[in-house]
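K.L.:
For reference, the structure I am asking about is given below.
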Amino acid sequence: MSDTLPGMPTKLFVATPTKLLNFADCKRKYRFTYLETPRPPKGPPWAHNTVGGIVHEVLAEFFGRWPASRRTPDEVVAKIRSSWRQEGFRDEQQALTWRERSTEMILGYLRDSDPYYEPLGVERTVAFTTDRASLRGRVDRIDERPARDGSGGTELVIVDYKTGRHPLTSTDARSSLALALYVLGARRVLRRPSTRVELHHLPTNTVAAADHDDASLARHQRRAESIADDAAAAEARWHSGLTPAEADEYFPPQPSALCGWCDFARICPQGRRVAAPRDPWAALETAGYGDTEVPVAEAC
């Protein structure tokens, strides 16, 4: 029996870019992450997520909470050391090594920063709705800069920090579903023009930038709506009640080389046949960290 009355609008599917991409990448992982109660046990925490998380925390403090008087190298080092965690590392020595590397990354990135610069948003949630979905996400940083169209006004720039070793390009920025949805959300919430997205790659202190137009944003929106439609239908089927066999049918695994990096690799036999579960610190090894086999969403 339907839980909506005749004439009522269709309930919007609420999602973040991460949720949509999880559904597109592997429906079994989506089921384990968002639908199963209680949620199946995840594997141990990933060391590269620890590195990325702490780097993001420090930059959020620097740009979003500290006054200019605190924006000094000594304060940054103290914050990294007080925030550091051991989760996922092979041993204490590896954790200390990466604490120092992370410190060098952040200090190098901030070396030429204006301590008086105030972004328009830091860890800012933006959102917008379509006829079928309510899409939202949290942006690392939103800059307000002089508009490049000669109008004399300003425009918003979406900034996303990355800590993986794999170099980034303008194609990475342009093809990112998350960044495009952040542009649409920032336009809706902040009521300012926005087309530019930037990936700030801390290990190389480089910026991969791209400019969207209405056509490219519309393509990303259509993709997001298509995934949301499929996920909403699958969730409705889940909540109607499924046998274990039906659950596997509606939420099948999608084995690939990325399975070794999945939080649920140890309980997914199909994934293990394709790729053995990786060690929690494997992405930090010289030959592995940031390579194309590490999921972008997890490698920060």
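Just so we're on the same page: first chain in the structure tokens is A, next is B, and so on; residues restart at 1 for each chain, and ligands are numbered from 1 in the order they show up.
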What are the nearest atom pairs, with distances in Å to one decimal, for all residues of range 152-188 of chain A that come at most 10 Å from range 221-233 of chain A, using only C-alpha atoms, set out by chain and rising residue number as a Markdown table?

P.N.:
```
| residue | atom | partner | partner_atom | distance |
| --- | --- | --- | --- | --- |
| A:Leu177 | CA | A:Ala224 | CA | 7.6 |
| A:Ala178 | CA | A:Ala224 | CA | 9.4 |
| A:Ala180 | CA | A:Gln221 | CA | 8.0 |
| A:Leu181 | CA | A:Gln221 | CA | 7.1 |
| A:Leu184 | CA | A:Gln221 | CA | 8.7 |
```

K.L.:
Using only C-alpha atoms, what does the table of range 14-106 of chain A residues within 10 Å of range 161-168 of chain A look like, with each row giving the shortest atom pair and its distance in Å to one decimal, sorted by chain and ascending number, as a Markdown table?

P.N.:
```
| residue | atom | partner | partner_atom | distance |
| --- | --- | --- | --- | --- |
| A:His48 | CA | A:Gly164 | CA | 8.2 |
| A:Asn49 | CA | A:Thr163 | CA | 9.6 |
| A:Val51 | CA | A:Thr163 | CA | 7.9 |
| A:Gly52 | CA | A:Thr163 | CA | 6.0 |
| A:Gly53 | CA | A:Thr163 | CA | 9.5 |
| A:Val55 | CA | A:Thr163 | CA | 8.0 |
| A:His56 | CA | A:Tyr161 | CA | 7.2 |
| A:Leu59 | CA | A:Tyr161 | CA | 9.1 |
| A:Ser102 | CA | A:Thr163 | CA | 8.9 |
| A:Met105 | CA | A:Thr163 | CA | 8.6 |
| A:Ile106 | CA | A:Thr163 | CA | 9.9 |
```

K.L.:
If you count only C-alpha atoms, which residues fall within 7 Å of Trp84 in chain A, apart from same-chain ones fewer than 3 positions away, as a list in words?

P.N.:
Ile54, Ile80 and Arg81 of chain A

K.L.:
Need to verify the contact set: range 266-270 of chain A, 9 Å, only C-alpha atoms, exclusion of same-chain residues closer than 5 positions in sequence. Can you return it as a list of chain:residue names?

P.N.:
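So, after excluding close chain neighbours, the residues are A:Arg28, A:Pro40, A:Pro41, A:Lys42, A:Gly43, A:Pro253, A:Gln254, A:Pro255, A:Cys259, A:Gly260, A:Ala276, A:Pro277.
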
K.L.:
Please produce a file of those selected residues containing all heavy atoms, as a CSV table (one decimal), in the first residue's frame.

P.N.:
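Produced file again-v5.csv, reproduced below:
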```
chain,number,residue,atom,x,y,z
A,28,ARG,N,25.9,-3.6,-3.7
A,28,ARG,CA,26.0,-4.3,-2.4
A,28,ARG,C,26.6,-3.4,-1.3
A,28,ARG,O,26.1,-3.4,-0.2
A,28,ARG,CB,26.8,-5.6,-2.6
A,28,ARG,CG,27.1,-6.3,-1.2
A,28,ARG,CD,27.8,-7.6,-1.4
A,28,ARG,NE,26.8,-8.6,-1.9
A,28,ARG,CZ,27.2,-9.9,-2.2
A,28,ARG,NH1,28.4,-10.3,-2.1
A,28,ARG,NH2,26.3,-10.7,-2.6
A,40,PRO,N,26.4,-4.3,8.6
A,40,PRO,CA,27.5,-5.3,8.7
A,40,PRO,C,28.8,-4.7,9.2
A,40,PRO,O,29.1,-3.5,8.9
A,40,PRO,CB,27.6,-5.9,7.3
A,40,PRO,CG,26.2,-5.6,6.7
A,40,PRO,CD,25.8,-4.3,7.3
A,41,PRO,N,29.6,-5.5,9.8
A,41,PRO,CA,30.9,-5.0,10.3
A,41,PRO,C,31.8,-4.5,9.2
A,41,PRO,O,32.0,-5.2,8.2
A,41,PRO,CB,31.5,-6.1,11.1
A,41,PRO,CG,30.9,-7.4,10.5
A,41,PRO,CD,29.5,-6.9,10.1
A,42,LYS,N,32.4,-3.3,9.4
A,42,LYS,CA,33.4,-2.8,8.4
A,42,LYS,C,34.7,-3.3,8.8
A,42,LYS,O,35.0,-3.8,9.9
A,42,LYS,CB,33.3,-1.3,8.4
A,42,LYS,CG,32.0,-0.7,8.0
A,42,LYS,CD,32.0,0.8,8.2
A,42,LYS,CE,33.0,1.6,7.3
A,42,LYS,NZ,32.8,3.0,7.4
A,43,GLY,N,35.7,-3.2,7.8
A,43,GLY,CA,37.0,-3.6,8.1
A,43,GLY,C,37.7,-2.5,9.0
A,43,GLY,O,37.0,-1.5,9.4
A,253,PRO,N,26.6,-7.4,-6.1
A,253,PRO,CA,28.0,-6.8,-6.1
A,253,PRO,C,28.5,-6.5,-7.5
A,253,PRO,O,28.0,-7.1,-8.4
A,253,PRO,CB,28.8,-8.0,-5.5
A,253,PRO,CG,28.1,-9.2,-5.9
A,253,PRO,CD,26.6,-8.8,-5.8
A,254,GLN,N,29.4,-5.6,-7.6
A,254,GLN,CA,30.0,-5.2,-8.9
A,254,GLN,C,31.5,-5.3,-8.7
A,254,GLN,O,32.2,-4.3,-8.6
A,254,GLN,CB,29.5,-3.8,-9.2
A,254,GLN,CG,28.0,-3.7,-9.5
A,254,GLN,CD,27.5,-2.3,-9.6
A,254,GLN,OE1,26.7,-1.8,-8.7
A,254,GLN,NE2,27.9,-1.6,-10.6
A,255,PRO,N,32.0,-6.5,-8.8
A,255,PRO,CA,33.4,-6.8,-8.5
A,255,PRO,C,34.3,-6.0,-9.5
A,255,PRO,O,34.0,-5.9,-10.7
A,255,PRO,CB,33.5,-8.3,-8.7
A,255,PRO,CG,32.2,-8.8,-8.5
A,255,PRO,CD,31.3,-7.8,-9.1
A,259,CYS,N,37.8,-3.6,-5.3
A,259,CYS,CA,37.2,-4.3,-4.2
A,259,CYS,C,38.1,-4.5,-3.0
A,259,CYS,O,37.7,-4.6,-1.9
A,259,CYS,CB,36.7,-5.7,-4.7
A,259,CYS,SG,35.2,-5.6,-5.7
A,260,GLY,N,39.4,-4.5,-3.3
A,260,GLY,CA,40.4,-4.7,-2.2
A,260,GLY,C,40.4,-3.5,-1.3
A,260,GLY,O,40.9,-3.6,-0.1
A,276,ALA,N,42.1,-9.2,-3.4
A,276,ALA,CA,42.3,-9.5,-2.0
A,276,ALA,C,42.2,-8.2,-1.2
A,276,ALA,O,42.6,-7.2,-1.6
A,276,ALA,CB,43.6,-10.2,-1.7
A,277,PRO,N,41.6,-8.3,0.0
A,277,PRO,CA,41.5,-7.1,0.9
A,277,PRO,C,42.9,-6.5,1.1
A,277,PRO,O,43.9,-7.2,1.4
A,277,PRO,CB,40.9,-7.6,2.2
A,277,PRO,CG,40.1,-8.8,1.8
A,277,PRO,CD,40.9,-9.4,0.7
```

K.L.:
Which residue gives the smallest distance to Gly64 in chain A among A:Tyr117, A:Thr154, A:Asp25, A:Trp46, with only C-alpha atoms counted?

P.N.:
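For Gly64 in chain A, the nearest of the candidates is A:Tyr117.
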
K.L.:
Can you list, as a ChimeraX atom specification, every residue of range 73-200 of chain A that DSSP puts in strand (DSSP E)?

P.N.:
/A:121-129,133-146,154-162,194-200

K.L.:
Mind giving me the straight-line distance from CA of Val122 in chain A to CA of Trp66 in chain A in Å, one decimal?

P.N.:
11.8 Å

K.L.:
Please run DSSP on the backbone and report, as a ChimeraX atom specification, all residues within range 5-199 of chain A that come out as alpha helix (DSSP H).

P.N.:
/A:17-25,27-30,47-64,73-83,92-110,170-175,177-190

K.L.:
Measure the distance from CA of Leu202 in chain A to CA of Tyr116 in chain A in Å and round it to one decimal.

P.N.:
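Result for CA of Leu202 in chain A versus CA of Tyr116 in chain A: 20.7 Å, one decimal.
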